[in-house]
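**Q** Encoded as C-alpha cells, here's the structure I'll be asking about.
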Amino acid sequence: MQRKAYVPGVAVLLAALLAACTGGSGSGGRAADPKAGSTTSAAAPQPGKYRTLADACSAVSHDTLDALLPGLTRITDQEQRDRAYQGEAALTYNNDRRSGCRWKAESTDATDHLFVDFERVVSYDNAVSDDNAAHQVYSTKEQAANLPEPSAGSSSGSGSPASPAPGSGSVSPSSSASVSAAGAGGGPTPSASASGSPSGSPSATGTPADLQPRTLDDLGDEAFIDDQLSTAQQRTVTVVFRTSNVIVTIEYDEQPAAPGTTPSSKDMQDKARKLAGQLAGSLG
C-alpha cells in the first residue's frame, strides 16, 4: 500500500517540476518576439514628380514648328505637309521612360532639323531619390558639353548668381559658371561675331558672352545651352534642362543652302530657348 502511494506522489512532483521549467522558458521568450524592440527603417527617398511622359511628337505646336522650320509652310502637297508636321517618333521601348521626335524641313534658303527628347529618370537605388538620379544624368550631359568658363565680369541675366539645382544631392563642376542668356548688352552684334569667327566656333574671341555655350538660371531646375558651328557652316544649338526627374533635350540645327552663309547664332538660340520655355511650362 505504501509503495502504491509513493509512486503517484513522485509522478505528481515530476509533473510540477516540468511545468515550472516550461513556464520559465516561456517567460523568457519575449526576447524572441519579432515585434519586440524592432525599429522602422530609414524613410526611402521620395519618388520624382513625374510618373509618365508626354508624347514628344505632340508636344510642339504647329506655330512653333513654323518658326523653327520655315520650310514646312512651303510644302505644297497637303498630305506631305501633314506628315512633316507629325514628325518621326524616335524608337523607344517604354513611352513612360523615353519619348523623342524628329522634324525636318527643306527650303531654298536652308535645311532645318529639330529633335526633342524627354527622359524620365527613375532611381533603383534606395539611397538615391529620382531627382538626384536625374541630376546626375544631367550633370553628365553638361560636363560632356565642355562649356567654357564665363568671361570676367559677366553676370547672370536674372540679376542673381547661379546656384546648384535645388534638392540635388551633388553639384556639377560647371554649375558654378552659370550665365544667363538674357542681358549683357555691351558686346558686338551677333552678325559681326558670326562673320568674324573663321573657325566657326561660337566661343571664339569676339563672341559676346550671352551667345557663348553656358549654363542657364532661368529654365527648370538646371539647364545649359550649347552652340556649335561646323566648318560646313552648319550651326547646331542644343538646350538641355532638368525639371525634377525629367530631362528635356532640344537639338536645333540649320544648314544654309548658299555657300558662305552662316546661320544666326542669336536667332537660333532665341528660338530654341523659346521652345524650351514652352516645354518646361507644359510639364507643369
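Just so we're on the same page: first chain in the C-alpha cells is A, next is B, and so on; residues restart at 1 for each chain, and ligands are numbered from 1 in the order they show up.
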Among stretch 63-106 of chain A, which ones does DSSP place in alpha helix (DSSP H), written as a PyMOL selection string?
**A** chain A and resi 63-68+78-86
**Q** One decimal, Å: what's the distance from atom CA of A:Asp109 over to atom CA of A:Ser265, could you say?
**A**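 Separation of atom CA of A:Asp109 and atom CA of A:Ser265: 16.2 Å.
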**Q** For A:Arg98, please output as a PyMOL selection string all residues within 7 Å (counting only C-alpha atoms; exclusion window: fewer than 5 positions along the same chain).
**A** chain A and resi 92+118-120
**Q** Just write the chosen residues, C-alpha atoms, as a tab-separated table (two decimals), in the first residue's frame.
**A**
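Okay, result_38.tsv is ready:
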```tsv
chain	number	residue	atom	x	y	z
A	92	THR	CA	11.66	53.64	-77.59
A	118	PHE	CA	12.01	63.61	-72.98
A	119	GLU	CA	13.73	61.32	-70.49
A	120	ARG	CA	12.15	60.34	-67.17
```
**Q** List as a CSV table (one decimal) with all heavy atoms, in the first residue's frame the protein and nucleic acid residues near stretch 74-87 of chain A, meaning an atom at most 12 Å away when only C-alpha atoms are counted, but skip any in the same chain fewer than 4 places from it.
**A**
```csv
chain,number,residue,atom,x,y,z
A,55,ASP,N,3.9,62.8,-75.1
A,55,ASP,CA,4.4,62.3,-76.5
A,55,ASP,C,5.1,63.5,-77.1
A,55,ASP,O,4.6,64.6,-77.3
A,55,ASP,CB,3.2,61.9,-77.3
A,55,ASP,CG,3.6,61.6,-78.8
A,55,ASP,OD1,4.7,61.1,-78.9
A,55,ASP,OD2,2.8,61.9,-79.7
A,56,ALA,N,6.4,63.3,-77.4
A,56,ALA,CA,7.3,64.3,-77.9
A,56,ALA,C,6.7,64.9,-79.2
A,56,ALA,O,6.8,66.1,-79.5
A,56,ALA,CB,8.7,63.9,-78.0
A,57,CYS,N,6.2,64.0,-80.1
A,57,CYS,CA,5.7,64.5,-81.4
A,57,CYS,C,4.5,65.4,-81.3
A,57,CYS,O,4.2,66.1,-82.2
A,57,CYS,CB,5.4,63.3,-82.3
A,57,CYS,SG,6.9,62.4,-82.8
A,58,SER,N,3.8,65.3,-80.2
A,58,SER,CA,2.6,66.2,-80.0
A,58,SER,C,2.9,67.4,-79.1
A,58,SER,O,2.0,68.2,-78.8
A,58,SER,CB,1.5,65.3,-79.3
A,58,SER,OG,1.2,64.2,-80.1
A,59,ALA,N,4.2,67.5,-78.6
A,59,ALA,CA,4.5,68.5,-77.6
A,59,ALA,C,4.8,69.8,-78.2
A,59,ALA,O,4.8,70.9,-77.5
A,59,ALA,CB,5.7,68.0,-76.8
A,60,VAL,N,5.1,69.9,-79.5
A,60,VAL,CA,5.5,71.1,-80.2
A,60,VAL,C,4.3,71.6,-81.1
A,60,VAL,O,3.9,70.8,-82.0
A,60,VAL,CB,6.8,70.9,-81.0
A,60,VAL,CG1,7.2,72.3,-81.6
A,60,VAL,CG2,7.9,70.3,-80.1
A,61,SER,N,3.9,72.8,-80.9
A,61,SER,CA,2.8,73.3,-81.7
A,61,SER,C,3.2,73.6,-83.2
A,61,SER,O,4.4,73.7,-83.5
A,61,SER,CB,2.2,74.6,-81.1
A,61,SER,OG,3.2,75.6,-81.2
A,62,HIS,N,2.2,73.7,-84.1
A,62,HIS,CA,2.5,74.0,-85.5
A,62,HIS,C,3.1,75.3,-85.6
A,62,HIS,O,4.0,75.5,-86.5
A,62,HIS,CB,1.2,73.9,-86.3
A,62,HIS,CG,0.8,72.5,-86.6
A,62,HIS,ND1,-0.1,72.1,-87.6
A,62,HIS,CD2,1.1,71.3,-86.0
A,62,HIS,CE1,-0.2,70.8,-87.7
A,62,HIS,NE2,0.5,70.3,-86.7
A,63,ASP,N,2.6,76.3,-84.8
A,63,ASP,CA,3.2,77.6,-84.9
A,63,ASP,C,4.7,77.7,-84.6
A,63,ASP,O,5.5,78.3,-85.2
A,63,ASP,CB,2.4,78.6,-84.0
A,63,ASP,CG,1.0,78.9,-84.5
A,63,ASP,OD1,0.8,78.7,-85.7
A,63,ASP,OD2,0.2,79.4,-83.7
A,64,THR,N,5.0,76.9,-83.5
A,64,THR,CA,6.4,76.8,-83.1
A,64,THR,C,7.3,76.1,-84.2
A,64,THR,O,8.4,76.5,-84.5
A,64,THR,CB,6.6,76.1,-81.8
A,64,THR,OG1,5.8,76.8,-80.8
A,64,THR,CG2,8.0,76.0,-81.3
A,65,LEU,N,6.7,75.1,-84.8
A,65,LEU,CA,7.4,74.3,-85.8
A,65,LEU,C,7.6,75.3,-87.0
A,65,LEU,O,8.7,75.2,-87.7
A,65,LEU,CB,6.6,73.1,-86.2
A,65,LEU,CG,6.6,71.9,-85.2
A,65,LEU,CD1,5.7,70.8,-85.7
A,65,LEU,CD2,8.0,71.4,-85.0
A,66,ASP,N,6.6,76.1,-87.3
A,66,ASP,CA,6.7,77.0,-88.5
A,66,ASP,C,7.9,78.0,-88.2
A,66,ASP,O,8.6,78.4,-89.2
A,66,ASP,CB,5.4,77.8,-88.6
A,66,ASP,CG,4.3,77.0,-89.2
A,66,ASP,OD1,4.6,75.9,-89.7
A,66,ASP,OD2,3.2,77.4,-89.1
A,68,LEU,N,10.6,77.5,-86.3
A,68,LEU,CA,11.9,76.8,-86.3
A,68,LEU,C,12.3,76.2,-87.7
A,68,LEU,O,13.4,76.1,-88.0
A,68,LEU,CB,12.0,75.8,-85.2
A,68,LEU,CG,12.4,76.2,-83.8
A,68,LEU,CD1,11.2,76.9,-83.1
A,68,LEU,CD2,12.9,75.1,-82.9
A,69,LEU,N,11.2,75.8,-88.4
A,69,LEU,CA,11.4,75.1,-89.6
A,69,LEU,C,10.6,75.8,-90.7
A,69,LEU,O,9.5,75.3,-91.1
A,69,LEU,CB,11.0,73.6,-89.5
A,69,LEU,CG,11.5,72.8,-88.3
A,69,LEU,CD1,10.8,71.5,-88.2
A,69,LEU,CD2,13.0,72.6,-88.4
A,70,PRO,N,11.0,76.9,-91.2
A,70,PRO,CA,10.2,77.7,-92.2
A,70,PRO,C,9.9,76.9,-93.4
A,70,PRO,O,8.8,77.2,-94.1
A,70,PRO,CB,11.2,78.8,-92.5
A,70,PRO,CG,12.1,78.9,-91.4
A,70,PRO,CD,12.3,77.6,-90.9
A,100,GLY,N,10.9,60.7,-77.9
A,100,GLY,CA,11.6,61.6,-78.7
A,100,GLY,C,10.9,61.8,-80.1
A,100,GLY,O,10.2,60.9,-80.5
A,101,CYS,N,11.2,62.9,-80.8
A,101,CYS,CA,10.6,63.1,-82.1
A,101,CYS,C,11.6,64.0,-82.9
A,101,CYS,O,12.3,64.9,-82.4
A,101,CYS,CB,9.3,63.8,-82.0
A,101,CYS,SG,8.3,63.7,-83.5
A,102,ARG,N,11.6,63.7,-84.2
A,102,ARG,CA,12.5,64.5,-85.2
A,102,ARG,C,11.6,65.1,-86.2
A,102,ARG,O,10.6,64.5,-86.7
A,102,ARG,CB,13.5,63.6,-85.8
A,102,ARG,CG,14.4,62.9,-84.8
A,102,ARG,CD,15.4,62.0,-85.5
A,102,ARG,NE,16.2,61.3,-84.6
A,102,ARG,CZ,17.4,61.7,-84.0
A,102,ARG,NH1,17.8,63.0,-84.3
A,102,ARG,NH2,18.1,61.0,-83.2
A,103,TRP,N,12.0,66.3,-86.6
A,103,TRP,CA,11.3,67.0,-87.7
A,103,TRP,C,12.4,67.5,-88.7
A,103,TRP,O,13.6,67.8,-88.3
A,103,TRP,CB,10.5,68.2,-87.2
A,103,TRP,CG,9.4,67.9,-86.4
A,103,TRP,CD1,8.1,67.8,-86.8
A,103,TRP,CD2,9.3,67.8,-85.0
A,103,TRP,NE1,7.2,67.5,-85.8
A,103,TRP,CE2,8.0,67.5,-84.6
A,103,TRP,CE3,10.3,67.8,-84.0
A,103,TRP,CZ2,7.6,67.3,-83.3
A,103,TRP,CZ3,9.9,67.6,-82.7
A,103,TRP,CH2,8.6,67.3,-82.3
A,104,LYS,N,12.1,67.6,-90.0
A,104,LYS,CA,13.0,68.1,-91.0
A,104,LYS,C,12.2,68.9,-92.0
A,104,LYS,O,11.1,68.5,-92.4
A,104,LYS,CB,13.7,67.0,-91.7
A,104,LYS,CG,14.6,67.4,-92.8
A,104,LYS,CD,15.2,66.2,-93.5
A,104,LYS,CE,16.1,66.6,-94.7
A,104,LYS,NZ,16.7,65.4,-95.4
A,105,ALA,N,12.8,70.0,-92.4
A,105,ALA,CA,12.2,70.8,-93.5
A,105,ALA,C,13.2,71.5,-94.3
A,105,ALA,O,14.2,72.0,-93.8
A,105,ALA,CB,11.3,71.9,-92.8
A,106,GLU,N,13.0,71.4,-95.6
A,106,GLU,CA,14.0,72.0,-96.6
A,106,GLU,C,13.3,73.1,-97.3
A,106,GLU,O,12.1,73.2,-97.5
A,106,GLU,CB,14.4,70.9,-97.6
A,106,GLU,CG,15.1,69.7,-97.1
A,106,GLU,CD,15.5,68.7,-98.1
A,106,GLU,OE1,15.1,68.9,-99.3
A,106,GLU,OE2,16.2,67.7,-97.8
A,107,SER,N,14.1,74.1,-97.6
A,107,SER,CA,13.6,75.3,-98.4
A,107,SER,C,14.8,75.7,-99.3
A,107,SER,O,15.9,75.2,-99.3
A,107,SER,CB,13.2,76.4,-97.4
A,107,SER,OG,14.4,77.0,-96.8
A,108,THR,N,14.5,76.8,-100.1
A,108,THR,CA,15.6,77.3,-101.0
A,108,THR,C,16.7,77.9,-100.2
A,108,THR,O,17.8,78.1,-100.7
A,108,THR,CB,15.0,78.3,-101.9
A,108,THR,OG1,14.3,79.3,-101.2
A,108,THR,CG2,13.9,77.6,-102.9
A,109,ASP,N,16.4,78.3,-98.9
A,109,ASP,CA,17.4,79.0,-98.1
A,109,ASP,C,18.3,78.1,-97.3
A,109,ASP,O,19.5,78.3,-97.1
A,109,ASP,CB,16.7,80.0,-97.2
A,109,ASP,CG,15.9,81.1,-98.0
A,109,ASP,OD1,16.4,81.5,-99.1
A,109,ASP,OD2,14.9,81.5,-97.5
A,113,HIS,N,16.6,71.0,-89.0
A,113,HIS,CA,16.3,69.8,-88.3
A,113,HIS,C,16.0,70.2,-86.9
A,113,HIS,O,16.6,71.1,-86.3
A,113,HIS,CB,17.4,68.8,-88.3
A,113,HIS,CG,17.8,68.3,-89.6
A,113,HIS,ND1,18.7,68.9,-90.5
A,113,HIS,CD2,17.4,67.2,-90.3
A,113,HIS,CE1,18.8,68.2,-91.6
A,113,HIS,NE2,18.1,67.1,-91.5
A,114,LEU,N,15.0,69.5,-86.3
A,114,LEU,CA,14.7,69.7,-84.9
A,114,LEU,C,14.5,68.3,-84.2
A,114,LEU,O,13.8,67.5,-84.8
A,114,LEU,CB,13.4,70.5,-84.7
A,114,LEU,CG,12.8,70.7,-83.3
A,114,LEU,CD1,13.8,71.5,-82.4
A,114,LEU,CD2,11.4,71.3,-83.3
A,115,PHE,N,15.1,68.2,-83.1
A,115,PHE,CA,14.9,66.9,-82.3
A,115,PHE,C,14.6,67.3,-80.9
A,115,PHE,O,15.2,68.1,-80.2
A,115,PHE,CB,16.2,66.1,-82.3
A,115,PHE,CG,16.2,64.9,-81.4
A,115,PHE,CD1,15.2,63.9,-81.7
A,115,PHE,CD2,17.0,64.8,-80.3
A,115,PHE,CE1,15.2,62.8,-80.8
A,115,PHE,CE2,17.0,63.7,-79.5
A,115,PHE,CZ,16.1,62.6,-79.8
A,116,VAL,N,13.5,66.7,-80.3
A,116,VAL,CA,13.1,66.9,-79.0
A,116,VAL,C,13.0,65.6,-78.3
A,116,VAL,O,12.5,64.6,-78.8
A,116,VAL,CB,11.7,67.6,-78.9
A,116,VAL,CG1,11.2,67.6,-77.5
A,116,VAL,CG2,11.7,69.0,-79.5
```
**Q** I want to know what sits within 7 Å of stretch 233-245 of chain A, based on only C-alpha atoms, with residues of the same chain fewer than 3 positions away left out; could you give that as a compact mmCIF listing (two decimals) with N, CA and C atoms, in the first residue's frame?
**A**
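As a result, out-v7.txt now contains:
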```
# COMPACT_ATOMS: atom_id res chain seq x y z
N GLY A 48 10.21 60.82 -57.91
CA GLY A 48 10.17 62.05 -58.67
C GLY A 48 8.76 62.55 -58.90
N LYS A 49 8.66 63.79 -59.31
CA LYS A 49 7.35 64.42 -59.53
C LYS A 49 6.59 63.76 -60.67
N TYR A 50 7.31 63.31 -61.68
CA TYR A 50 6.65 62.81 -62.89
C TYR A 50 6.65 61.29 -62.95
N ARG A 120 12.57 60.40 -68.59
CA ARG A 120 12.15 60.34 -67.17
C ARG A 120 13.08 59.39 -66.44
N VAL A 121 13.76 59.92 -65.45
CA VAL A 121 14.76 59.15 -64.71
C VAL A 121 14.12 58.53 -63.48
N ASP A 130 14.78 59.96 -57.10
CA ASP A 130 14.67 60.14 -58.55
C ASP A 130 15.25 61.48 -58.99
N ASP A 131 15.00 62.52 -58.21
CA ASP A 131 15.52 63.84 -58.56
C ASP A 131 17.05 63.87 -58.56
N ALA A 134 18.33 62.01 -61.54
CA ALA A 134 18.20 62.83 -62.74
C ALA A 134 19.26 63.93 -62.76
N TYR A 138 21.85 64.63 -65.76
CA TYR A 138 22.00 65.97 -66.33
C TYR A 138 23.46 66.44 -66.24
N LEU A 219 15.63 78.45 -66.34
CA LEU A 219 14.94 77.37 -67.06
C LEU A 219 15.01 76.10 -66.24
N GLY A 220 13.85 75.61 -65.78
CA GLY A 220 13.81 74.39 -65.00
C GLY A 220 14.62 74.49 -63.72
N ASP A 221 15.04 73.34 -63.20
CA ASP A 221 15.88 73.29 -62.01
C ASP A 221 17.34 73.57 -62.35
N GLU A 222 17.76 73.18 -63.52
CA GLU A 222 19.11 73.46 -64.01
C GLU A 222 19.09 73.26 -65.52
N ALA A 223 19.93 74.01 -66.22
CA ALA A 223 19.88 73.99 -67.68
C ALA A 223 21.17 74.53 -68.26
N PHE A 224 21.43 74.19 -69.51
CA PHE A 224 22.53 74.78 -70.24
C PHE A 224 22.18 74.85 -71.72
N ILE A 225 22.91 75.71 -72.43
CA ILE A 225 22.74 75.85 -73.87
C ILE A 225 24.11 75.73 -74.52
N ASP A 226 24.18 74.99 -75.61
CA ASP A 226 25.41 74.83 -76.37
C ASP A 226 25.16 75.31 -77.79
N ASP A 227 26.20 75.84 -78.43
CA ASP A 227 26.08 76.39 -79.78
C ASP A 227 27.36 76.07 -80.52
N GLN A 228 27.24 75.26 -81.57
CA GLN A 228 28.42 74.84 -82.33
C GLN A 228 28.20 75.10 -83.82
N LEU A 229 29.26 75.56 -84.46
CA LEU A 229 29.23 75.83 -85.89
C LEU A 229 30.30 74.99 -86.57
N SER A 230 29.89 74.15 -87.51
CA SER A 230 30.84 73.28 -88.19
C SER A 230 31.57 74.03 -89.28
N VAL A 248 14.91 67.22 -70.46
CA VAL A 248 14.46 67.56 -71.81
C VAL A 248 15.67 68.02 -72.62
N THR A 249 15.82 67.47 -73.81
CA THR A 249 16.91 67.85 -74.71
C THR A 249 16.32 68.36 -76.02
N ILE A 250 16.77 69.51 -76.46
CA ILE A 250 16.36 70.10 -77.74
C ILE A 250 17.61 70.27 -78.59
N GLU A 251 17.59 69.73 -79.78
CA GLU A 251 18.68 69.92 -80.74
C GLU A 251 18.09 70.56 -82.00
N TYR A 252 18.60 71.73 -82.33
CA TYR A 252 18.09 72.50 -83.45
C TYR A 252 19.26 72.88 -84.34
N ASP A 253 19.24 72.43 -85.59
CA ASP A 253 20.36 72.75 -86.46
C ASP A 253 19.88 73.25 -87.81
N GLU A 254 20.74 74.03 -88.44
CA GLU A 254 20.42 74.61 -89.74
C GLU A 254 21.64 74.58 -90.64
N GLN A 255 21.42 74.10 -91.85
CA GLN A 255 22.46 74.08 -92.88
C GLN A 255 22.04 75.01 -94.00
N PRO A 256 22.70 76.15 -94.17
CA PRO A 256 22.30 77.09 -95.23
C PRO A 256 22.56 76.51 -96.60
N THR A 262 26.23 81.99 -93.02
CA THR A 262 26.30 81.47 -91.65
C THR A 262 24.97 81.71 -90.93
N PRO A 263 24.34 80.68 -90.39
CA PRO A 263 23.09 80.88 -89.64
C PRO A 263 23.34 81.77 -88.42
N MET A 268 18.85 81.55 -83.75
CA MET A 268 18.62 80.14 -83.46
C MET A 268 18.53 79.89 -81.96
N GLN A 269 19.38 80.56 -81.19
CA GLN A 269 19.32 80.39 -79.74
C GLN A 269 17.99 80.91 -79.18
N ALA A 272 15.33 78.32 -79.95
CA ALA A 272 15.48 77.10 -79.16
C ALA A 272 15.11 77.34 -77.70
```
**Q** Quick one: pull the distance between atom CA of A:Ala133 and atom CA of A:Gln278, Å, one decimal.
**A**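 Those two atoms sit 24.2 Å apart.
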**Q** Taking only C-alpha atoms into account, name the residue in A:Leu283, A:Ala232, A:Ala89, A:Leu216 that is nearest to A:Ala258.
**A** A:Ala232
**Q** Please indicate the distance in Å from atom CA of A:Val122 to atom CA of A:Glu88, rounded to one decimal place.
**A**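 Calculated distance between atom CA of A:Val122 and atom CA of A:Glu88 is 25.6 Å.
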